[in-house]
Each structure stands twice: as structure tokens, then as C-alpha cells.
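Shown next: upload-v4.txt, containing compact mmCIF, N, CA and C atoms.
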# COMPACT_ATOMS: atom_id res chain seq x y z
N MET A 1 0.85 -1.17 0.00
CA MET A 1 0.00 0.00 0.00
C MET A 1 0.90 1.24 0.00
N PRO A 2 0.61 2.21 -0.86
CA PRO A 2 1.42 3.43 -0.89
C PRO A 2 1.40 4.15 0.47
N ASP A 3 2.48 4.89 0.73
CA ASP A 3 2.65 5.52 2.04
C ASP A 3 1.55 6.54 2.36
N GLY A 4 1.11 7.31 1.41
CA GLY A 4 0.12 8.35 1.68
C GLY A 4 -1.32 7.88 1.64
N LEU A 5 -1.55 6.62 1.35
CA LEU A 5 -2.91 6.13 1.19
C LEU A 5 -3.63 5.94 2.53
N LEU A 6 -2.95 5.46 3.53
CA LEU A 6 -3.59 5.19 4.82
C LEU A 6 -4.18 6.45 5.46
N PRO A 7 -3.47 7.57 5.53
CA PRO A 7 -4.09 8.78 6.11
C PRO A 7 -5.31 9.26 5.32
N ILE A 8 -5.27 9.11 4.02
CA ILE A 8 -6.42 9.51 3.18
C ILE A 8 -7.62 8.61 3.47
N LEU A 9 -7.40 7.31 3.59
CA LEU A 9 -8.49 6.38 3.89
C LEU A 9 -9.06 6.64 5.28
N ILE A 10 -8.21 6.97 6.24
CA ILE A 10 -8.68 7.29 7.58
C ILE A 10 -9.53 8.56 7.55
N LEU A 11 -9.08 9.57 6.82
CA LEU A 11 -9.83 10.82 6.71
C LEU A 11 -11.19 10.59 6.05
N ILE A 12 -11.22 9.79 5.01
CA ILE A 12 -12.48 9.47 4.33
C ILE A 12 -13.42 8.73 5.28
N ALA A 13 -12.89 7.78 6.04
CA ALA A 13 -13.71 7.04 7.00
C ALA A 13 -14.29 7.97 8.06
N ILE A 14 -13.49 8.91 8.55
CA ILE A 14 -13.97 9.87 9.55
C ILE A 14 -15.09 10.73 8.99
N VAL A 15 -14.94 11.19 7.76
CA VAL A 15 -15.96 12.02 7.13
C VAL A 15 -17.26 11.22 6.94
N VAL A 16 -17.15 9.98 6.53
CA VAL A 16 -18.33 9.14 6.32
C VAL A 16 -19.05 8.90 7.65
N VAL A 17 -18.31 8.56 8.69
CA VAL A 17 -18.91 8.30 10.00
C VAL A 17 -19.56 9.57 10.53
N TYR A 18 -18.90 10.72 10.39
CA TYR A 18 -19.45 12.00 10.84
C TYR A 18 -20.75 12.32 10.10
N THR A 19 -20.76 12.11 8.80
CA THR A 19 -21.95 12.40 7.99
C THR A 19 -23.12 11.50 8.40
N ILE A 20 -22.86 10.23 8.59
CA ILE A 20 -23.91 9.30 9.01
C ILE A 20 -24.45 9.70 10.39
N ALA A 21 -23.56 10.08 11.30
CA ALA A 21 -23.99 10.48 12.64
C ALA A 21 -24.87 11.73 12.57
N LYS A 22 -24.50 12.71 11.74
CA LYS A 22 -25.30 13.92 11.60
C LYS A 22 -26.67 13.61 11.01
N VAL A 23 -26.72 12.77 9.99
CA VAL A 23 -28.00 12.41 9.36
C VAL A 23 -28.90 11.71 10.37
N LEU A 24 -28.36 10.77 11.13
CA LEU A 24 -29.17 10.08 12.13
C LEU A 24 -29.65 11.04 13.21
N GLY A 25 -28.83 12.00 13.58
CA GLY A 25 -29.25 13.01 14.54
C GLY A 25 -30.40 13.85 14.02
N TYR A 26 -30.31 14.24 12.74
CA TYR A 26 -31.39 15.02 12.13
C TYR A 26 -32.67 14.20 12.01
N VAL A 27 -32.55 12.90 11.73
CA VAL A 27 -33.73 12.04 11.65
C VAL A 27 -34.41 11.96 13.01
N ARG A 28 -33.63 11.80 14.06
CA ARG A 28 -34.21 11.75 15.41
C ARG A 28 -34.87 13.08 15.78
N LYS A 29 -34.22 14.18 15.44
CA LYS A 29 -34.78 15.50 15.75
C LYS A 29 -36.08 15.72 14.97
N SER A 30 -36.11 15.31 13.71
CA SER A 30 -37.31 15.46 12.91
C SER A 30 -38.45 14.63 13.48
N GLU A 31 -38.15 13.41 13.88
CA GLU A 31 -39.19 12.56 14.46
C GLU A 31 -39.71 13.16 15.76
N GLN A 32 -38.83 13.71 16.56
CA GLN A 32 -39.24 14.34 17.81
C GLN A 32 -40.12 15.56 17.55
N GLN A 33 -39.76 16.37 16.56
CA GLN A 33 -40.56 17.54 16.23
C GLN A 33 -41.91 17.13 15.67
N TRP A 34 -41.96 16.05 14.89
CA TRP A 34 -43.22 15.58 14.33
C TRP A 34 -44.16 15.12 15.44
N GLN A 35 -43.62 14.53 16.50
CA GLN A 35 -44.45 14.09 17.61
C GLN A 35 -45.03 15.27 18.38
N GLN A 36 -44.37 16.43 18.31
CA GLN A 36 -44.83 17.61 19.04
C GLN A 36 -45.82 18.46 18.25
N VAL A 37 -46.06 18.13 17.00
CA VAL A 37 -46.95 18.91 16.14
C VAL A 37 -48.39 18.72 16.58
N ASP A 38 -49.16 19.81 16.55
CA ASP A 38 -50.59 19.74 16.82
C ASP A 38 -51.26 19.20 15.55
N LYS A 39 -51.50 17.91 15.53
CA LYS A 39 -51.99 17.26 14.32
C LYS A 39 -53.45 17.60 14.01
N SER A 40 -54.14 18.24 14.95
CA SER A 40 -55.52 18.61 14.68
C SER A 40 -55.60 19.75 13.66
N LYS A 41 -54.50 20.46 13.46
CA LYS A 41 -54.50 21.58 12.52
C LYS A 41 -53.99 21.17 11.14
N LEU A 42 -53.64 19.91 10.97
CA LEU A 42 -53.16 19.45 9.67
C LEU A 42 -54.32 19.32 8.69
N ARG A 43 -54.03 19.59 7.43
CA ARG A 43 -55.05 19.48 6.39
C ARG A 43 -54.58 18.50 5.33
N GLU A 44 -55.52 17.90 4.65
CA GLU A 44 -55.21 17.03 3.51
C GLU A 44 -54.93 17.90 2.29
N TRP A 45 -53.90 17.60 1.56
CA TRP A 45 -53.55 18.35 0.35
C TRP A 45 -53.80 17.47 -0.85
N ASP A 46 -54.41 18.07 -1.86
CA ASP A 46 -54.63 17.36 -3.12
C ASP A 46 -53.71 18.01 -4.16
N ASP A 47 -52.58 17.37 -4.42
CA ASP A 47 -51.59 17.93 -5.32
C ASP A 47 -51.80 17.53 -6.78
N GLU A 48 -52.84 16.80 -7.05
CA GLU A 48 -53.07 16.36 -8.41
C GLU A 48 -53.53 17.52 -9.29
N ASP A 49 -52.84 17.71 -10.38
CA ASP A 49 -53.23 18.74 -11.35
C ASP A 49 -54.00 18.07 -12.48
N ASP A 50 -55.24 18.44 -12.63
CA ASP A 50 -56.06 17.85 -13.69
C ASP A 50 -55.94 18.67 -14.96
This structure in C-alpha cells:
Amino acid sequence: MPDGLLPILILIAIVVVYTIAKVLGYVRKSEQQWQQVDKSKLREWDDEDD
């Protein structure tokens, strides 16, 4: 393996793990916010264009 390849692979792995952690955090936050929504005020939307 070339000498400079290992630090690059480690950096890529760190970026991938960080990105996945941020996405999972945003998914949890979104789910938490959805649970706090007053669902009685939601309306049905008809997006079909005839």
C-alpha cells in the first residue's frame, strides 16, 4: 500500500462516520418535532393537477 494512502483512507472514513452520525441526529430530531406537532391543525392536500 502506498505511504500516503492510509491517512487519506482514515480521513475518508472519519468524514463518512461523521456524515452518518449527523444524518441520524437530524432524523431523530425530525421525528421528535413531528411528535410535538398539533396534528388537529393538519389538512389534507390534493396535489393532483387535472
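When atom N of Arg43 in chain A is paired with atom N of Leu24 in chain A, their separation reads 27.4 Å.
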- Message: Write out as number ranges by chain the set of residues from chain A that DSSP, computed on the backbone, places in helix (DSSP H, G or I).
- Response: A: 5-36, 39-41
Would you export the selected residues with N, CA and C atoms as a short mmCIF file (atom, residue, chain, number, x, y, z; two decimals), in the coordinates of the input, please?
data_model
loop_
_atom_site.label_atom_id
_atom_site.label_comp_id
_atom_site.auth_asym_id
_atom_site.auth_seq_id
_atom_site.Cartn_x
_atom_site.Cartn_y
_atom_site.Cartn_z
N LEU A 5 -1.55 6.62 1.35
CA LEU A 5 -2.91 6.13 1.19
C LEU A 5 -3.63 5.94 2.53
N LEU A 6 -2.95 5.46 3.53
CA LEU A 6 -3.59 5.19 4.82
C LEU A 6 -4.18 6.45 5.46
N PRO A 7 -3.47 7.57 5.53
CA PRO A 7 -4.09 8.78 6.11
C PRO A 7 -5.31 9.26 5.32
N ILE A 8 -5.27 9.11 4.02
CA ILE A 8 -6.42 9.51 3.18
C ILE A 8 -7.62 8.61 3.47
N LEU A 9 -7.40 7.31 3.59
CA LEU A 9 -8.49 6.38 3.89
C LEU A 9 -9.06 6.64 5.28
N ILE A 10 -8.21 6.97 6.24
CA ILE A 10 -8.68 7.29 7.58
C ILE A 10 -9.53 8.56 7.55
N LEU A 11 -9.08 9.57 6.82
CA LEU A 11 -9.83 10.82 6.71
C LEU A 11 -11.19 10.59 6.05
N ILE A 12 -11.22 9.79 5.01
CA ILE A 12 -12.48 9.47 4.33
C ILE A 12 -13.42 8.73 5.28
N ALA A 13 -12.89 7.78 6.04
CA ALA A 13 -13.71 7.04 7.00
C ALA A 13 -14.29 7.97 8.06
N ILE A 14 -13.49 8.91 8.55
CA ILE A 14 -13.97 9.87 9.55
C ILE A 14 -15.09 10.73 8.99
N VAL A 15 -14.94 11.19 7.76
CA VAL A 15 -15.96 12.02 7.13
C VAL A 15 -17.26 11.22 6.94
N VAL A 16 -17.15 9.98 6.53
CA VAL A 16 -18.33 9.14 6.32
C VAL A 16 -19.05 8.90 7.65
N VAL A 17 -18.31 8.56 8.69
CA VAL A 17 -18.91 8.30 10.00
C VAL A 17 -19.56 9.57 10.53
N TYR A 18 -18.90 10.72 10.39
CA TYR A 18 -19.45 12.00 10.84
C TYR A 18 -20.75 12.32 10.10
N THR A 19 -20.76 12.11 8.80
CA THR A 19 -21.95 12.40 7.99
C THR A 19 -23.12 11.50 8.40
N ILE A 20 -22.86 10.23 8.59
CA ILE A 20 -23.91 9.30 9.01
C ILE A 20 -24.45 9.70 10.39
N ALA A 21 -23.56 10.08 11.30
CA ALA A 21 -23.99 10.48 12.64
C ALA A 21 -24.87 11.73 12.57
N LYS A 22 -24.50 12.71 11.74
CA LYS A 22 -25.30 13.92 11.60
C LYS A 22 -26.67 13.61 11.01
N VAL A 23 -26.72 12.77 9.99
CA VAL A 23 -28.00 12.41 9.36
C VAL A 23 -28.90 11.71 10.37
N LEU A 24 -28.36 10.77 11.13
CA LEU A 24 -29.17 10.08 12.13
C LEU A 24 -29.65 11.04 13.21
N GLY A 25 -28.83 12.00 13.58
CA GLY A 25 -29.25 13.01 14.54
C GLY A 25 -30.40 13.85 14.02
N TYR A 26 -30.31 14.24 12.74
CA TYR A 26 -31.39 15.02 12.13
C TYR A 26 -32.67 14.20 12.01
N VAL A 27 -32.55 12.90 11.73
CA VAL A 27 -33.73 12.04 11.65
C VAL A 27 -34.41 11.96 13.01
N ARG A 28 -33.63 11.80 14.06
CA ARG A 28 -34.21 11.75 15.41
C ARG A 28 -34.87 13.08 15.78
N LYS A 29 -34.22 14.18 15.44
CA LYS A 29 -34.78 15.50 15.75
C LYS A 29 -36.08 15.72 14.97
N SER A 30 -36.11 15.31 13.71
CA SER A 30 -37.31 15.46 12.91
C SER A 30 -38.45 14.63 13.48
N GLU A 31 -38.15 13.41 13.88
CA GLU A 31 -39.19 12.56 14.46
C GLU A 31 -39.71 13.16 15.76
N GLN A 32 -38.83 13.71 16.56
CA GLN A 32 -39.24 14.34 17.81
C GLN A 32 -40.12 15.56 17.55
N GLN A 33 -39.76 16.37 16.56
CA GLN A 33 -40.56 17.54 16.23
C GLN A 33 -41.91 17.13 15.67
N TRP A 34 -41.96 16.05 14.89
CA TRP A 34 -43.22 15.58 14.33
C TRP A 34 -44.16 15.12 15.44
N GLN A 35 -43.62 14.53 16.50
CA GLN A 35 -44.45 14.09 17.61
C GLN A 35 -45.03 15.27 18.38
N GLN A 36 -44.37 16.43 18.31
CA GLN A 36 -44.83 17.61 19.04
C GLN A 36 -45.82 18.46 18.25
N LYS A 39 -51.50 17.91 15.53
CA LYS A 39 -51.99 17.26 14.32
C LYS A 39 -53.45 17.60 14.01
N SER A 40 -54.14 18.24 14.95
CA SER A 40 -55.52 18.61 14.68
C SER A 40 -55.60 19.75 13.66
N LYS A 41 -54.50 20.46 13.46
CA LYS A 41 -54.50 21.58 12.52
C LYS A 41 -53.99 21.17 11.14
#
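The coordinates place CA of Tyr18 in chain A at 21.9 Å from CA of Gly4 in chain A.
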N, CA, C and O atoms for range 26-45 of chain A, written as an mmCIF file, keeping the file's coordinate frame, could you do that?
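Output below, filename rebuild.cif:
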data_model
loop_
_atom_site.group_PDB
_atom_site.id
_atom_site.type_symbol
_atom_site.label_atom_id
_atom_site.label_comp_id
_atom_site.auth_asym_id
_atom_site.auth_seq_id
_atom_site.Cartn_x
_atom_site.Cartn_y
_atom_site.Cartn_z
ATOM 1 N N TYR A 26 -30.310 14.240 12.740
ATOM 2 C CA TYR A 26 -31.390 15.020 12.130
ATOM 3 C C TYR A 26 -32.670 14.200 12.010
ATOM 4 O O TYR A 26 -33.770 14.728 12.148
ATOM 5 N N VAL A 27 -32.550 12.900 11.730
ATOM 6 C CA VAL A 27 -33.730 12.040 11.650
ATOM 7 C C VAL A 27 -34.410 11.960 13.010
ATOM 8 O O VAL A 27 -35.641 12.078 13.101
ATOM 9 N N ARG A 28 -33.630 11.800 14.060
ATOM 10 C CA ARG A 28 -34.210 11.750 15.410
ATOM 11 C C ARG A 28 -34.870 13.080 15.780
ATOM 12 O O ARG A 28 -35.961 13.100 16.349
ATOM 13 N N LYS A 29 -34.220 14.180 15.440
ATOM 14 C CA LYS A 29 -34.780 15.500 15.750
ATOM 15 C C LYS A 29 -36.080 15.720 14.970
ATOM 16 O O LYS A 29 -37.057 16.231 15.510
ATOM 17 N N SER A 30 -36.110 15.310 13.710
ATOM 18 C CA SER A 30 -37.310 15.460 12.910
ATOM 19 C C SER A 30 -38.450 14.630 13.480
ATOM 20 O O SER A 30 -39.589 15.105 13.547
ATOM 21 N N GLU A 31 -38.150 13.410 13.880
ATOM 22 C CA GLU A 31 -39.190 12.560 14.460
ATOM 23 C C GLU A 31 -39.710 13.160 15.760
ATOM 24 O O GLU A 31 -40.924 13.154 16.013
ATOM 25 N N GLN A 32 -38.830 13.710 16.560
ATOM 26 C CA GLN A 32 -39.240 14.340 17.810
ATOM 27 C C GLN A 32 -40.120 15.560 17.550
ATOM 28 O O GLN A 32 -41.146 15.754 18.203
ATOM 29 N N GLN A 33 -39.760 16.370 16.560
ATOM 30 C CA GLN A 33 -40.560 17.540 16.230
ATOM 31 C C GLN A 33 -41.910 17.130 15.670
ATOM 32 O O GLN A 33 -42.927 17.769 15.948
ATOM 33 N N TRP A 34 -41.960 16.050 14.890
ATOM 34 C CA TRP A 34 -43.220 15.580 14.330
ATOM 35 C C TRP A 34 -44.160 15.120 15.440
ATOM 36 O O TRP A 34 -45.368 15.322 15.374
ATOM 37 N N GLN A 35 -43.620 14.530 16.500
ATOM 38 C CA GLN A 35 -44.450 14.090 17.610
ATOM 39 C C GLN A 35 -45.030 15.270 18.380
ATOM 40 O O GLN A 35 -46.071 15.147 19.012
ATOM 41 N N GLN A 36 -44.370 16.430 18.310
ATOM 42 C CA GLN A 36 -44.830 17.610 19.040
ATOM 43 C C GLN A 36 -45.820 18.460 18.250
ATOM 44 O O GLN A 36 -46.389 19.399 18.782
ATOM 45 N N VAL A 37 -46.060 18.130 17.000
ATOM 46 C CA VAL A 37 -46.950 18.910 16.140
ATOM 47 C C VAL A 37 -48.390 18.720 16.580
ATOM 48 O O VAL A 37 -48.816 17.629 16.938
ATOM 49 N N ASP A 38 -49.160 19.810 16.550
ATOM 50 C CA ASP A 38 -50.590 19.740 16.820
ATOM 51 C C ASP A 38 -51.260 19.200 15.550
ATOM 52 O O ASP A 38 -51.547 19.949 14.621
ATOM 53 N N LYS A 39 -51.500 17.910 15.530
ATOM 54 C CA LYS A 39 -51.990 17.260 14.320
ATOM 55 C C LYS A 39 -53.450 17.600 14.010
ATOM 56 O O LYS A 39 -53.928 17.322 12.925
ATOM 57 N N SER A 40 -54.140 18.240 14.950
ATOM 58 C CA SER A 40 -55.520 18.610 14.680
ATOM 59 C C SER A 40 -55.600 19.750 13.660
ATOM 60 O O SER A 40 -56.634 19.982 13.066
ATOM 61 N N LYS A 41 -54.500 20.460 13.460
ATOM 62 C CA LYS A 41 -54.500 21.580 12.520
ATOM 63 C C LYS A 41 -53.990 21.170 11.140
ATOM 64 O O LYS A 41 -53.919 22.009 10.248
ATOM 65 N N LEU A 42 -53.640 19.910 10.970
ATOM 66 C CA LEU A 42 -53.160 19.450 9.670
ATOM 67 C C LEU A 42 -54.320 19.320 8.690
ATOM 68 O O LEU A 42 -55.440 18.997 9.067
ATOM 69 N N ARG A 43 -54.030 19.590 7.430
ATOM 70 C CA ARG A 43 -55.050 19.480 6.390
ATOM 71 C C ARG A 43 -54.580 18.500 5.330
ATOM 72 O O ARG A 43 -53.391 18.319 5.119
ATOM 73 N N GLU A 44 -55.520 17.900 4.650
ATOM 74 C CA GLU A 44 -55.210 17.030 3.510
ATOM 75 C C GLU A 44 -54.930 17.900 2.290
ATOM 76 O O GLU A 44 -55.672 18.859 2.026
ATOM 77 N N TRP A 45 -53.900 17.600 1.560
ATOM 78 C CA TRP A 45 -53.550 18.350 0.350
ATOM 79 C C TRP A 45 -53.800 17.470 -0.850
ATOM 80 O O TRP A 45 -53.460 16.300 -0.876
#
